[in-house]
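Below is the file protein-v9.txt, which contains compact mmCIF, C-alpha atoms.
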```
# COMPACT_ATOMS: atom_id res chain seq x y z
CA MET A 1 12.50 54.30 6.30
CA SER A 2 9.62 53.68 8.67
CA LEU A 3 9.30 54.47 12.34
CA LEU A 4 10.14 50.90 13.20
CA SER A 5 12.84 49.94 10.71
CA ILE A 6 15.28 50.96 8.00
CA THR A 7 14.64 49.46 4.57
CA TRP A 8 18.08 48.65 3.16
CA THR A 9 18.14 48.50 -0.64
CA LEU A 10 21.78 49.18 -1.50
CA ASP A 11 22.91 47.20 -4.55
CA PRO A 12 25.93 45.00 -3.66
CA ALA A 13 27.54 45.99 -6.99
CA ILE A 14 29.08 49.45 -7.36
CA PHE A 15 29.14 49.09 -11.14
CA THR A 16 29.53 46.44 -13.83
CA VAL A 17 32.30 46.07 -16.40
CA GLY A 18 31.03 43.74 -19.12
CA SER A 19 29.73 40.73 -17.23
CA ARG A 20 31.95 41.32 -14.21
CA GLU A 21 30.64 43.15 -11.15
CA ILE A 22 32.75 45.39 -8.96
CA ARG A 23 31.23 44.92 -5.51
CA TRP A 24 31.34 46.94 -2.33
CA TYR A 25 32.49 43.82 -0.46
CA GLY A 26 35.58 43.46 -2.64
CA LEU A 27 36.33 47.18 -2.37
CA MET A 28 36.13 47.04 1.44
CA PHE A 29 38.49 44.05 1.41
CA ILE A 30 41.02 45.88 -0.79
CA ILE A 31 40.85 49.12 1.22
CA GLY A 32 41.34 47.20 4.45
CA PHE A 33 44.46 45.40 3.26
CA TRP A 34 45.88 48.58 1.68
CA VAL A 35 45.48 50.62 4.89
CA GLY A 36 46.79 47.70 6.94
CA TYR A 37 49.85 47.53 4.69
CA LYS A 38 50.55 51.23 5.26
CA ILE A 39 50.24 50.88 9.03
CA VAL A 40 52.55 47.85 9.16
CA LYS A 41 55.08 49.72 7.01
CA LYS A 42 55.04 52.54 9.56
CA MET A 43 55.79 49.96 12.27
CA TRP A 44 58.66 48.53 10.22
CA ILE A 45 60.20 52.01 9.92
CA ARG A 46 59.67 52.70 13.62
CA GLU A 47 61.52 49.51 14.59
CA LYS A 48 64.13 49.87 11.81
CA VAL A 49 63.21 46.51 10.27
CA ASP A 50 64.19 45.43 6.76
CA LEU A 51 61.47 46.86 4.46
CA ALA A 52 61.98 43.95 2.06
CA TRP A 53 60.04 41.79 4.55
CA ILE A 54 56.78 43.75 4.15
CA ASP A 55 55.57 42.64 0.70
CA PRO A 56 55.96 38.92 1.44
CA LEU A 57 53.94 39.40 4.66
CA LEU A 58 51.14 41.02 2.63
CA TYR A 59 51.05 38.16 0.14
CA TYR A 60 51.18 35.46 2.83
CA THR A 61 48.43 37.20 4.80
CA ILE A 62 46.09 37.66 1.82
CA PHE A 63 46.40 34.06 0.66
CA GLY A 64 46.21 32.71 4.22
CA THR A 65 43.05 34.73 4.90
CA LEU A 66 41.25 33.78 1.70
CA ILE A 67 42.17 30.09 1.71
CA GLY A 68 41.56 29.68 5.44
CA ALA A 69 38.24 31.57 5.38
CA ARG A 70 36.96 29.53 2.44
CA LEU A 71 38.00 26.17 3.88
CA GLY A 72 36.65 27.22 7.27
CA HIS A 73 33.22 27.89 5.78
CA CYS A 74 33.25 24.61 3.85
CA PHE A 75 34.32 22.34 6.69
CA PHE A 76 32.97 24.12 9.79
CA TYR A 77 29.47 24.82 8.46
CA ASP A 78 28.65 22.32 5.69
CA PRO A 79 31.28 19.54 5.63
CA ALA A 80 28.95 16.84 4.27
CA HIS A 81 28.19 18.85 1.13
CA TYR A 82 31.81 19.77 0.40
CA TRP A 83 33.19 16.28 1.07
CA ALA A 84 30.64 14.99 -1.42
CA ASN A 85 31.21 17.87 -3.88
CA PRO A 86 34.86 18.97 -3.46
CA ILE A 87 34.80 20.97 -6.70
CA ASP A 88 32.37 23.38 -4.98
CA ILE A 89 35.15 24.44 -2.61
CA ILE A 90 36.69 26.61 -5.33
CA LYS A 91 33.36 28.30 -6.17
CA VAL A 92 34.11 31.34 -4.03
CA TRP A 93 31.84 33.48 -6.20
CA GLU A 94 28.85 31.61 -4.74
CA GLY A 95 29.71 33.04 -1.31
CA GLY A 96 30.90 31.50 1.92
CA LEU A 97 33.84 32.72 4.04
CA ALA A 98 34.31 32.02 7.76
CA SER A 99 36.34 34.42 9.88
CA HIS A 100 37.53 31.67 12.24
CA GLY A 101 38.94 29.78 9.28
CA GLY A 102 40.58 32.99 8.11
CA VAL A 103 42.35 33.34 11.46
CA ILE A 104 43.62 29.75 11.27
CA GLY A 105 44.81 30.44 7.72
CA ILE A 106 46.69 33.53 8.88
CA ILE A 107 48.34 31.59 11.74
CA ILE A 108 49.63 28.99 9.26
CA ALA A 109 50.74 31.73 6.85
CA VAL A 110 52.66 33.57 9.59
CA TRP A 111 54.33 30.32 10.67
CA ILE A 112 55.61 29.84 7.13
CA TYR A 113 56.56 33.53 6.84
CA SER A 114 58.50 33.44 10.12
CA ARG A 115 60.48 30.40 8.99
CA LYS A 116 61.10 31.46 5.40
CA VAL A 117 61.36 35.27 5.52
CA SER A 118 61.78 37.10 8.84
CA HIS A 119 63.37 34.33 10.93
CA LYS A 120 61.79 36.00 13.94
CA SER A 121 59.21 34.59 16.34
CA MET A 122 55.60 34.31 15.22
CA LEU A 123 54.53 36.55 18.11
CA TRP A 124 56.84 39.31 16.86
CA THR A 125 54.96 39.20 13.56
CA PHE A 126 51.50 38.82 15.08
CA ASP A 127 51.88 41.91 17.27
CA LYS A 128 52.38 43.96 14.11
CA LEU A 129 49.85 42.13 11.98
CA VAL A 130 46.86 42.27 14.34
CA THR A 131 47.22 45.98 15.11
CA PRO A 132 45.45 47.06 11.86
CA THR A 133 43.40 43.87 11.57
CA GLY A 134 40.48 45.28 13.56
CA LEU A 135 40.05 47.89 10.83
CA VAL A 136 40.18 45.22 8.11
CA ALA A 137 37.59 43.12 9.96
CA ALA A 138 35.30 46.15 10.39
CA LEU A 139 35.46 46.96 6.66
CA ILE A 140 34.68 43.34 5.79
CA ARG A 141 31.57 43.49 7.99
CA ILE A 142 30.52 46.67 6.17
CA GLY A 143 30.95 44.62 2.99
CA ASN A 144 28.58 42.02 4.49
CA LEU A 145 26.10 44.82 5.16
CA CYS A 146 26.32 45.84 1.50
CA ASN A 147 25.71 42.21 0.52
CA HIS A 148 22.56 41.93 2.70
CA GLU A 149 24.12 38.99 4.58
CA VAL A 150 25.25 37.90 8.07
CA TYR A 151 22.52 39.91 9.80
CA GLY A 152 20.72 39.25 13.06
CA ASN A 153 17.46 38.06 14.52
CA PRO A 154 14.22 40.06 14.24
CA THR A 155 13.99 43.10 16.49
CA ASP A 156 11.51 45.86 17.29
CA LEU A 157 14.29 48.38 17.94
CA PRO A 158 14.02 51.51 15.77
CA TRP A 159 17.33 50.80 14.02
CA GLY A 160 16.31 47.35 12.81
CA PHE A 161 17.18 46.80 9.14
CA ARG A 162 14.90 45.16 6.56
CA PHE A 163 17.30 43.33 4.23
CA VAL A 164 16.54 42.06 0.73
CA GLU A 165 16.12 38.27 1.05
CA ASN A 166 15.70 37.33 -2.61
CA LEU A 167 18.77 39.29 -3.65
CA ARG A 168 19.45 37.53 -6.97
CA ALA A 169 15.83 37.71 -8.11
CA TRP A 170 15.56 41.35 -7.04
CA ARG A 171 18.61 42.30 -9.08
CA GLN A 172 17.06 40.57 -12.08
CA GLY A 173 13.98 42.77 -11.85
CA ALA A 174 11.70 40.98 -9.37
CA GLU A 175 9.97 42.82 -6.56
CA PRO A 176 12.18 42.61 -3.45
CA ALA A 177 11.18 40.37 -0.57
CA PHE A 178 12.40 41.91 2.66
CA SER A 179 13.36 40.31 5.94
CA ALA A 180 11.57 41.28 9.12
CA PRO A 181 13.23 44.25 10.86
CA SER A 182 16.45 42.64 12.07
CA HIS A 183 19.51 43.47 14.14
CA PRO A 184 22.20 44.93 11.83
CA THR A 185 24.83 42.75 13.46
CA GLN A 186 27.30 43.68 10.72
CA ILE A 187 27.27 47.23 12.13
CA TYR A 188 27.54 45.99 15.74
CA GLU A 189 30.58 43.92 14.84
CA ALA A 190 32.13 46.72 12.78
CA ILE A 191 31.87 49.14 15.72
CA ALA A 192 33.39 46.58 18.12
CA TYR A 193 36.25 45.87 15.71
CA LEU A 194 36.96 49.58 15.19
CA LEU A 195 37.25 50.04 18.95
CA ILE A 196 39.66 47.10 19.13
CA PHE A 197 41.65 48.61 16.26
CA ALA A 198 41.90 51.93 18.13
CA LEU A 199 43.04 50.15 21.30
CA CYS A 200 45.71 48.12 19.48
CA MET A 201 47.02 51.25 17.74
CA TRP A 202 47.20 53.02 21.10
CA LEU A 203 49.01 50.08 22.69
CA TYR A 204 51.55 49.94 19.90
CA PHE A 205 52.26 53.60 19.15
CA LYS A 206 51.60 55.24 22.53
CA LYS A 207 52.40 52.54 25.11
CA ASN A 208 55.13 50.65 23.18
CA ALA A 209 53.33 47.42 24.03
CA TRP A 210 55.23 45.70 21.19
CA LYS A 211 58.15 45.46 23.61
CA ARG A 212 56.13 42.86 25.55
CA GLU A 213 55.99 40.22 22.84
CA GLY A 214 52.53 38.72 22.41
CA LEU A 215 50.65 41.35 24.45
CA ILE A 216 48.94 43.11 21.54
CA PHE A 217 48.20 39.78 19.91
CA GLY A 218 46.61 38.52 23.13
CA VAL A 219 44.49 41.64 23.61
CA PHE A 220 43.30 41.42 20.02
CA LEU A 221 42.30 37.75 20.25
CA ALA A 222 40.58 38.05 23.62
CA LEU A 223 38.55 41.15 22.75
CA LEU A 224 37.65 40.39 19.14
CA PHE A 225 36.39 36.89 19.83
CA THR A 226 34.61 37.94 23.03
CA ALA A 227 32.71 40.51 20.95
CA ARG A 228 32.01 37.86 18.33
CA PHE A 229 30.82 35.40 21.02
CA PHE A 230 28.18 37.74 22.45
CA ILE A 231 26.99 39.16 19.12
CA GLU A 232 26.36 35.59 17.94
CA TYR A 233 23.45 35.43 20.41
CA ILE A 234 21.45 37.83 18.22
CA LYS A 235 22.78 36.73 14.82
CA ASN A 236 20.99 34.38 12.43
CA VAL A 237 22.46 30.91 12.21
CA GLN A 238 24.61 30.29 9.14
CA ASP A 239 23.35 26.74 8.70
CA LYS A 240 20.25 24.89 9.88
CA PHE A 241 22.22 22.37 11.94
CA GLU A 242 22.90 25.19 14.45
CA ASP A 243 19.19 25.59 15.29
CA ASP A 244 19.25 22.97 18.05
CA MET A 245 22.70 23.82 19.44
CA PHE A 246 23.11 25.40 22.89
CA LEU A 247 25.98 27.46 21.50
CA LYS A 248 26.25 28.38 17.84
CA MET A 249 29.22 27.21 15.81
CA GLY A 250 30.66 30.74 15.79
CA GLN A 251 30.60 30.79 19.59
CA ILE A 252 32.17 27.35 19.95
CA LEU A 253 34.96 28.34 17.58
CA SER A 254 35.50 31.62 19.46
CA ILE A 255 36.17 30.05 22.87
CA PRO A 256 39.66 28.65 22.09
CA PHE A 257 40.75 32.02 20.67
CA ILE A 258 39.49 33.87 23.76
CA LEU A 259 41.41 31.51 26.05
CA MET A 260 44.49 31.77 23.86
CA GLY A 261 44.31 35.56 24.00
CA ILE A 262 44.07 35.59 27.80
CA TRP A 263 47.03 33.24 28.03
CA PHE A 264 49.19 35.48 25.80
CA ILE A 265 48.25 38.56 27.86
CA VAL A 266 49.22 36.86 31.13
CA ARG A 267 52.41 35.49 29.58
CA ALA A 268 53.44 38.90 28.22
CA MET A 269 52.76 40.75 31.46
CA ARG A 270 54.83 38.26 33.45
CA LYS A 271 57.87 38.90 31.29
CA LYS A 272 60.04 41.99 31.36
CA ALA A 273 59.65 44.36 28.41
CA SER A 274 62.43 43.89 25.85
```
Give the structure from the file, written as structure tokens.
Amino acid sequence: MSLLSITWTLDPAIFTVGSREIRWYGLMFIIGFWVGYKIVKKMWIREKVDLAWIDPLLYYTIFGTLIGARLGHCFFYDPAHYWANPIDIIKVWEGGLASHGGVIGIIIAVWIYSRKVSHKSMLWTFDKLVTPTGLVAALIRIGNLCNHEVYGNPTDLPWGFRFVENLRAWRQGAEPAFSAPSHPTQIYEAIAYLLIFALCMWLYFKKNAWKREGLIFGVFLALLFTARFFIEYIKNVQDKFEDDMFLKMGQILSIPFILMGIWFIVRAMRKKAS
């Protein structure tokens, strides 16, 4: 560590079993979903809901997140490549997940779940589902930090991080090439998401906001994507086509979710609590 930056040299892999790596990113993902599952189960018990509905929600959410995030990356950020090389879509091990695509995937998954399993409104499910999601999102950003990815523009602030740029070569024994001291936007986002998680938990367990259907969901959408919108200003672009854009792709994709969140908040507050 120097006076002007933090040199970040954490290996993305915790350990290796044979040729397979166990990575911090995957561990953060698993921990997030496991804790989220426990929180949702507590909600189910609180509202005296059939516990048999929980496991299907977990499966739908995991698959919706992964499929949506992968397709979102492929078609929001590099559609020409993936239309020309569709087989590359399944090469998840090469990296590339987009949170906006993950949200769309979850929305589709919850629509199917609501029709096939719970037979309740999607908003009823979303109010439960998004309450722990801030924690999951924060852990995923910590996973990005461990992967030396999704960081920000150069900065002269004392907490700027120097990330390994030639990660694959470094792990094969080459001398590491470091980025300029850069904003650790993964940490900024993780802190914002943890605060949103705390607020949603407070709304649900202390204020009984779940009785105003859609309120917690609206708060989550509006705050999470507002945070994402502003942090994008200091984050590196994910693809070169964004260099000449007034707003980055992440900001453009955030606007509809912010507006949707505000609409759900207004809608919920206009209705009487159930």
Open item on the list: Could you tell me how far CA of Leu123 (chain A) sits from CA of Pro256 (chain A), in Å to one decimal place?
Closed with: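 Interatomic distance, CA of Pro256 (chain A) to CA of Leu123 (chain A): 17.3 Å.
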TODO: For a cut-off of 7 Å around (58.7, 37.9, 4.6), file coordinates, pick out all residues using only C-alpha atoms and list them as an MDAnalysis selection string.
DONE: chainID A and resid 53:57 113 116:118
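The environment of Ile255 (chain A) within 9 Å, counting only C-alpha atoms and disregarding residues fewer than 6 places along the same chain, consists of Phe225, Thr226 and Phe229 of chain A.
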- [ ] Write out as a list in words the residues lying within 9 Å of region 58-63 of chain A, counting only C-alpha atoms and excluding same-chain residues fewer than 6 positions away.
- [x]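 With the cut-off at 9 Å, the set is Phe33, Tyr37, Gly105, Ile106, Ile107, Ala109, Val110, Ile112, Tyr113 and Leu129 of chain A.
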- [ ] Find the residues around Ile31 (chain A) up to 12 Å (all atoms listed in the file counted), leave out those fewer than 3 positions away in its own chain, and share them as number ranges by chain.
- [x] A: 24-28, 34-38, 132-133, 135-140, 142-143
What's around Glu213 (chain A) at 12 Å? Count only C-alpha atoms, leave out sequence neighbours fewer than 6 positions away in its own chain, and write the answer as a PDB file with C-alpha atoms, keeping the file's coordinate frame.
```
ATOM      1  CA  LYS A 120      61.790  36.000  13.940  1.00  0.00           C
ATOM      2  CA  SER A 121      59.210  34.590  16.340  1.00  0.00           C
ATOM      3  CA  MET A 122      55.600  34.310  15.220  1.00  0.00           C
ATOM      4  CA  LEU A 123      54.530  36.550  18.110  1.00  0.00           C
ATOM      5  CA  TRP A 124      56.840  39.310  16.860  1.00  0.00           C
ATOM      6  CA  THR A 125      54.960  39.200  13.560  1.00  0.00           C
ATOM      7  CA  PHE A 126      51.500  38.820  15.080  1.00  0.00           C
ATOM      8  CA  ASP A 127      51.880  41.910  17.270  1.00  0.00           C
ATOM      9  CA  LYS A 128      52.380  43.960  14.110  1.00  0.00           C
ATOM     10  CA  TYR A 204      51.550  49.940  19.900  1.00  0.00           C
ATOM     11  CA  VAL A 219      44.490  41.640  23.610  1.00  0.00           C
ATOM     12  CA  PHE A 264      49.190  35.480  25.800  1.00  0.00           C
ATOM     13  CA  ILE A 265      48.250  38.560  27.860  1.00  0.00           C
ATOM     14  CA  VAL A 266      49.220  36.860  31.130  1.00  0.00           C
ATOM     15  CA  ARG A 267      52.410  35.490  29.580  1.00  0.00           C
ATOM     16  CA  ALA A 268      53.440  38.900  28.220  1.00  0.00           C
ATOM     17  CA  MET A 269      52.760  40.750  31.460  1.00  0.00           C
ATOM     18  CA  ARG A 270      54.830  38.260  33.450  1.00  0.00           C
ATOM     19  CA  LYS A 271      57.870  38.900  31.290  1.00  0.00           C
ATOM     20  CA  LYS A 272      60.040  41.990  31.360  1.00  0.00           C
ATOM     21  CA  ALA A 273      59.650  44.360  28.410  1.00  0.00           C
ATOM     22  CA  SER A 274      62.430  43.890  25.850  1.00  0.00           C
TER      23      SER A 274
END
```
Task: Two-atom distance - CA of Ile89 (chain A), CA of Ser254 (chain A) (Å) - done: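 Going from CA of Ile89 (chain A) over to CA of Ser254 (chain A) covers 23.2 Å.
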Task: Residue contacts of Pro181 (chain A) (9 Å, only C-alpha atoms) excluding same-chain residues fewer than 2 positions away, as an MDAnalysis selection string - done: chainID A and resid 4:7 153:163 178:179 183
Open item on the list: Tell me which residues come within 12 Å of (41.2, 33.4, 21.6), as a ChimeraX atom specification, counting only C-alpha atoms in the file's coordinates.
Closed with: /A:100,103-104,217-229,251-265
Task: A:Met249, A:Ile216, A:Met43, A:Leu203 ranked by distance to Asp78 (chain A), top pick (using only C-alpha atoms) - done: A:Met249
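The two atoms in question, CA of Leu145 (chain A) and CA of Leu10 (chain A), are spaced 9.1 Å apart.
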